[in-house]
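A.B. asks: Structure file input23.cif, mmCIF, C-alpha atoms and all ligand atoms, is pasted below:
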data_start
#
loop_
_atom_site.label_atom_id
_atom_site.label_comp_id
_atom_site.auth_asym_id
_atom_site.auth_seq_id
_atom_site.Cartn_x
_atom_site.Cartn_y
_atom_site.Cartn_z
CA MET A 1 2.48 18.44 23.13
CA MET A 2 4.01 16.69 26.13
CA GLY A 3 6.46 13.80 25.81
CA SER A 4 4.09 11.32 27.44
CA THR A 5 1.34 12.23 24.95
CA HIS A 6 3.74 11.73 22.04
CA ALA A 7 5.00 8.43 23.44
CA ALA A 8 1.45 7.06 23.63
CA ALA A 9 0.66 8.23 20.08
CA GLY A 10 3.92 6.65 18.85
CA MET A 11 3.01 3.36 20.49
CA LEU A 12 -0.40 3.37 18.80
CA ALA A 13 1.17 4.22 15.43
CA ALA A 14 3.56 1.28 15.84
CA GLU A 15 0.69 -1.01 16.83
CA ILE A 16 -1.15 -0.08 13.64
CA VAL A 17 1.96 -0.90 11.57
CA LEU A 18 2.38 -4.23 13.37
CA SER A 19 -1.28 -5.11 12.98
CA VAL A 20 -1.59 -4.16 9.30
CA SER A 21 1.58 -6.07 8.44
CA HIS A 22 0.52 -9.13 10.49
CA ALA A 23 3.84 -9.02 12.32
CA PRO A 24 4.62 -12.01 14.54
CA PRO A 25 3.74 -11.45 18.22
CA ILE A 26 7.40 -11.47 19.21
CA TYR A 27 7.90 -8.22 17.26
CA TRP A 28 5.18 -6.34 19.13
CA PRO A 29 7.05 -5.32 22.32
CA ILE A 30 10.10 -4.15 20.37
CA GLY A 31 8.06 -2.40 17.68
CA ILE A 32 5.96 -0.58 20.28
CA ALA A 33 9.09 0.47 22.18
CA PHE A 34 10.61 1.76 18.92
CA GLY A 35 7.42 3.71 18.22
CA ALA A 36 7.42 5.34 21.66
CA ALA A 37 11.12 6.24 21.63
CA SER A 38 10.97 7.64 18.10
CA ALA A 39 7.86 9.66 18.83
CA ILE A 40 9.68 11.85 21.34
CA LEU A 41 12.69 12.44 19.05
CA PRO A 42 11.37 15.46 17.08
CA ASP A 43 11.17 17.56 20.25
CA ILE A 44 14.95 17.44 20.60
CA ASP A 45 14.60 20.94 19.14
CA HIS A 46 12.90 22.14 22.35
CA PRO A 47 15.16 23.23 25.24
CA SER A 48 13.01 21.64 27.97
CA SER A 49 12.15 18.39 26.19
CA PHE A 50 12.94 15.02 27.77
CA LEU A 51 15.69 14.20 25.25
CA ASN A 52 17.14 17.66 25.22
CA GLN A 53 17.72 17.42 28.95
CA ARG A 54 19.34 13.98 28.76
CA LEU A 55 21.29 13.51 25.51
CA PRO A 56 24.89 14.78 25.35
CA LEU A 57 24.18 16.93 22.30
CA GLY A 58 20.58 17.63 23.20
CA SER A 59 21.06 21.14 24.45
CA SER A 60 23.17 22.03 21.39
CA ALA A 61 20.41 20.74 19.14
CA GLY A 62 17.89 22.74 21.13
CA MET A 63 19.84 25.92 20.57
CA ALA A 64 20.60 25.26 16.91
CA LEU A 65 17.13 24.28 15.76
CA ASP A 66 13.89 26.22 15.77
CA HIS A 67 11.09 24.44 17.59
CA ARG A 68 8.62 22.55 15.35
CA HIS A 69 10.58 23.31 12.20
CA PHE A 70 12.99 20.81 10.53
CA THR A 71 12.69 17.97 13.06
CA HIS A 72 8.90 18.14 12.66
CA SER A 73 8.95 17.62 8.89
CA ILE A 74 8.27 14.77 6.50
CA ALA A 75 11.83 15.29 5.23
CA ALA A 76 13.26 14.65 8.71
CA ALA A 77 11.16 11.49 9.04
CA TRP A 78 12.49 10.30 5.68
CA LEU A 79 16.10 11.00 6.74
CA PHE A 80 15.42 9.23 10.04
CA SER A 81 14.20 6.20 8.07
CA LEU A 82 17.33 6.19 5.87
CA TYR A 83 19.53 6.55 8.94
CA LEU A 84 17.86 3.63 10.74
CA HIS A 85 18.19 1.34 7.70
CA TRP A 86 21.86 2.30 7.41
CA LEU A 87 22.52 1.94 11.15
CA TRP A 88 20.64 -1.32 11.71
CA PRO A 89 20.49 -3.25 8.40
CA MET A 90 20.03 -6.50 10.34
CA VAL A 91 16.92 -5.28 12.19
CA PRO A 92 13.68 -6.45 10.52
CA SER A 93 12.29 -3.73 8.30
CA ILE A 94 8.89 -3.85 9.99
CA LEU A 95 10.46 -2.77 13.30
CA LEU A 96 12.19 0.16 11.61
CA THR A 97 8.84 1.05 10.05
CA CYS A 98 7.38 1.12 13.58
CA ALA A 99 10.07 3.63 14.55
CA VAL A 100 9.36 5.82 11.53
CA ALA A 101 5.60 5.62 12.19
CA GLY A 102 6.25 6.75 15.75
CA TYR A 103 8.39 9.62 14.51
CA LEU A 104 5.76 10.69 11.96
CA SER A 105 2.96 10.50 14.53
CA HIS A 106 4.62 13.36 16.40
CA PRO A 107 4.15 16.13 13.83
CA VAL A 108 1.46 14.60 11.59
CA LEU A 109 -1.01 13.40 14.22
CA MET A 110 -0.17 15.38 17.35
CA ASP A 111 1.59 18.71 16.86
CA ILE A 112 -0.70 19.53 13.98
CA LEU A 113 -3.39 19.99 16.66
CA ASN A 114 -1.35 22.82 18.17
CA PRO A 115 -2.33 26.29 16.92
CA GLU A 116 1.34 27.12 16.36
CA GLY A 117 1.57 24.21 13.89
CA ALA A 118 4.59 22.36 12.56
CA GLN A 119 6.72 22.90 9.46
CA LEU A 120 5.65 19.57 7.97
CA LEU A 121 6.75 20.48 4.45
CA TRP A 122 10.18 21.84 5.38
CA PRO A 123 11.96 23.58 3.63
CA LEU A 124 8.71 25.28 2.63
CA PRO A 125 8.05 27.89 5.31
CA TRP A 126 4.42 27.11 6.23
CA MET A 127 3.58 26.14 9.79
CA ILE A 128 0.72 23.72 9.26
CA SER A 129 -1.98 23.45 11.92
CA LEU A 130 -5.51 22.09 11.99
CA ALA A 131 -6.40 25.04 14.22
CA ARG A 132 -6.96 27.01 11.00
CA ILE A 133 -10.01 24.84 10.26
CA LEU A 134 -10.88 23.24 13.62
CA PRO A 135 -11.79 25.34 16.68
CA TYR A 136 -10.95 24.70 20.33
CA PRO A 137 -11.39 22.14 21.90
CA LEU A 138 -10.54 20.07 18.81
CA THR A 139 -7.22 21.89 18.56
CA PHE A 140 -5.31 23.23 21.56
CA SER A 141 -1.96 24.39 22.92
CA THR A 142 0.58 22.22 24.73
CA GLU A 143 -0.44 21.32 28.29
CA ASP A 144 -3.93 22.67 27.76
CA TRP A 145 -6.59 20.85 29.77
CA MET A 146 -7.61 19.10 26.55
CA GLU A 147 -4.15 17.58 26.24
CA ARG A 148 -3.42 16.86 29.90
CA VAL A 149 -6.78 15.33 30.73
CA VAL A 150 -8.52 14.20 27.54
CA LEU A 151 -5.94 13.42 24.85
CA LYS A 152 -3.09 12.04 26.97
CA ASN A 153 -5.30 9.84 29.13
CA GLY A 154 -7.37 8.76 26.13
CA LEU A 155 -4.26 7.70 24.22
CA TRP A 156 -2.82 5.81 27.19
CA ILE A 157 -6.10 4.00 27.77
CA LEU A 158 -6.10 3.01 24.08
CA VAL A 159 -2.49 1.81 24.36
CA ILE A 160 -3.31 -0.35 27.37
CA ILE A 161 -6.47 -1.77 25.78
CA THR A 162 -4.77 -2.57 22.47
CA VAL A 163 -1.68 -4.08 24.09
CA VAL A 164 -3.90 -6.38 26.10
CA GLN A 165 -6.21 -7.02 23.14
CA PRO A 166 -4.20 -6.42 19.89
CA LYS A 167 -7.07 -7.69 17.72
CA LEU A 168 -8.89 -4.40 18.39
CA ILE A 169 -6.43 -2.55 16.13
ZN ZN B 1 6.87 18.62 18.82
#
Once more with this new file: its structure as structure tokens, please.
Ligand SMILES: [Zn+2]
C.D. replies:
Amino acid sequence: MMGSTHAAAGMLAAEIVLSVSHAPPIYWPIGIAFGAASAILPDIDHPSSFLNQRLPLGSSAGMALDHRHFTHSIAAAWLFSLYLHWLWPMVPSILLTCAVAGYLSHPVLMDILNPEGAQLLWPLPWMISLARILPYPLTFSTEDWMERVVLKNGLWILVIITVVQPKLI
């Protein structure tokens, strides 16, 4: 999936966390930003991803890691959570949870729609994809019309609506 699709899904995941936990309104902008930023992190393993092109070690990570393998796993999300709590112990836990929700949204909600799948249960070797049980157009490849037109725009419309009207979440 494209970075902008993942960012929108990460924002929605963060909004759900903020809503369910009844977080104070002041946390919403930061939590949503954390969700968006974290949601594009797993694709650091792809040579042409947004982060890979911009981070100092991005291209090294892209060469060292197989796409949609370790960084797209539950284990990586768990390590990411531990890292955030170690790095920013003073940041409210709910905001770090927004970041982890954004990260998890990438493989669990989005890339699982791709027929190539993601190695969610790393180190187990299976590439898990809903395409095994759901046909096109419910599952589709990156940059397919279904992603570019339907999913991406649908997610961004939902983000805008729920940011303006958070009670809808
Ligand atoms: Zn990905």
A.B. asks: Skipping near chain neighbours, those fewer than 6 positions away, what residues fall within 9 Å of Phe140 (chain A) using all atoms listed in the file, listed as a list in words?
C.D. replies: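 These residues fall inside the cut-off: Leu113, Asn114, Pro115, Ala131, Met146 and Glu147 of chain A.
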A.B. asks: Which residues, written as a count of residues only, have at least one atom at most 12 Å from Leu18 (chain A), with all atoms listed in the file counted and residues fewer than 4 positions away on the same chain left out?
C.D. replies: 32
A.B. asks: Where does chain A meet ligand ZN 1 (chain B) within 8 Å, residue by residue, with the nearest atom pair and distance in Å to one decimal for each, counting only C-alpha atoms and all ligand atoms, listed by chain and rising number, as CSV?
C.D. replies:
residue,atom,partner,partner_atom,distance
A:Met1,CA,B:ZN1,ZN,6.2
A:Ile40,CA,B:ZN1,ZN,7.8
A:Pro42,CA,B:ZN1,ZN,5.8
A:Asp43,CA,B:ZN1,ZN,4.7
A:His46,CA,B:ZN1,ZN,7.8
A:His67,CA,B:ZN1,ZN,7.3
A:Arg68,CA,B:ZN1,ZN,5.5
A:His72,CA,B:ZN1,ZN,6.5
A:His106,CA,B:ZN1,ZN,6.2
A:Pro107,CA,B:ZN1,ZN,6.2
A:Met110,CA,B:ZN1,ZN,7.9
A:Asp111,CA,B:ZN1,ZN,5.6
A:Ala118,CA,B:ZN1,ZN,7.6
A.B. asks: Tell me which of A:Leu120, A:Met127, A:Ala8, A:Ile161 sits closest to Trp78 (chain A), counting only C-alpha atoms.
C.D. replies: A:Leu120
A.B. asks: Which value, in Å to one decimal, gives the distance between CA of Val100 (chain A) and CA of Ser81 (chain A)?
C.D. replies: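 Calculated distance between CA of Val100 (chain A) and CA of Ser81 (chain A) is 6.0 Å.
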A.B. asks: For each of A:Thr5, A:Gln119, A:Ser48, A:Ser129, take the minimum atom-to-atom distance to Val150 (chain A), counting only C-alpha atoms, then give the residue where this is smallest.
C.D. replies: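 Under the stated criterion, the closest residue is A:Thr5.
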A.B. asks: My list of candidates is A:Ala33, A:Ile128, A:Ala39, A:Val20. Which is closest to Met2 (chain A) when distances are computed with only C-alpha atoms?
C.D. replies: A:Ala39
A.B. asks: To one decimal place, how far is CA of Ser19 (chain A) from CA of Met90 (chain A) in Å?
C.D. replies: 21.5 Å
A.B. asks: Could you tell me how far CA of Leu168 (chain A) lies from CA of Tyr136 (chain A), in Å and to one decimal?
C.D. replies: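 Value for the CA of Leu168 (chain A)-CA of Tyr136 (chain A) distance: 29.2 Å.
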A.B. asks: Tell me, as a PyMOL selection string, which residues lie within 9 Å of Ser49 (chain A), counting only C-alpha atoms; anything in the same chain fewer than 4 positions away does not count.
C.D. replies: chain A and resi 2-3+40+43-45+53-54+58+62
A.B. asks: Looking at all atoms listed in the file, which of A:Thr139, A:Glu116, A:Trp126, A:Tyr83 is the one that sits closest to Phe70 (chain A)?
C.D. replies: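 Of the candidates, the smallest distance to Phe70 (chain A) is held by A:Trp126.
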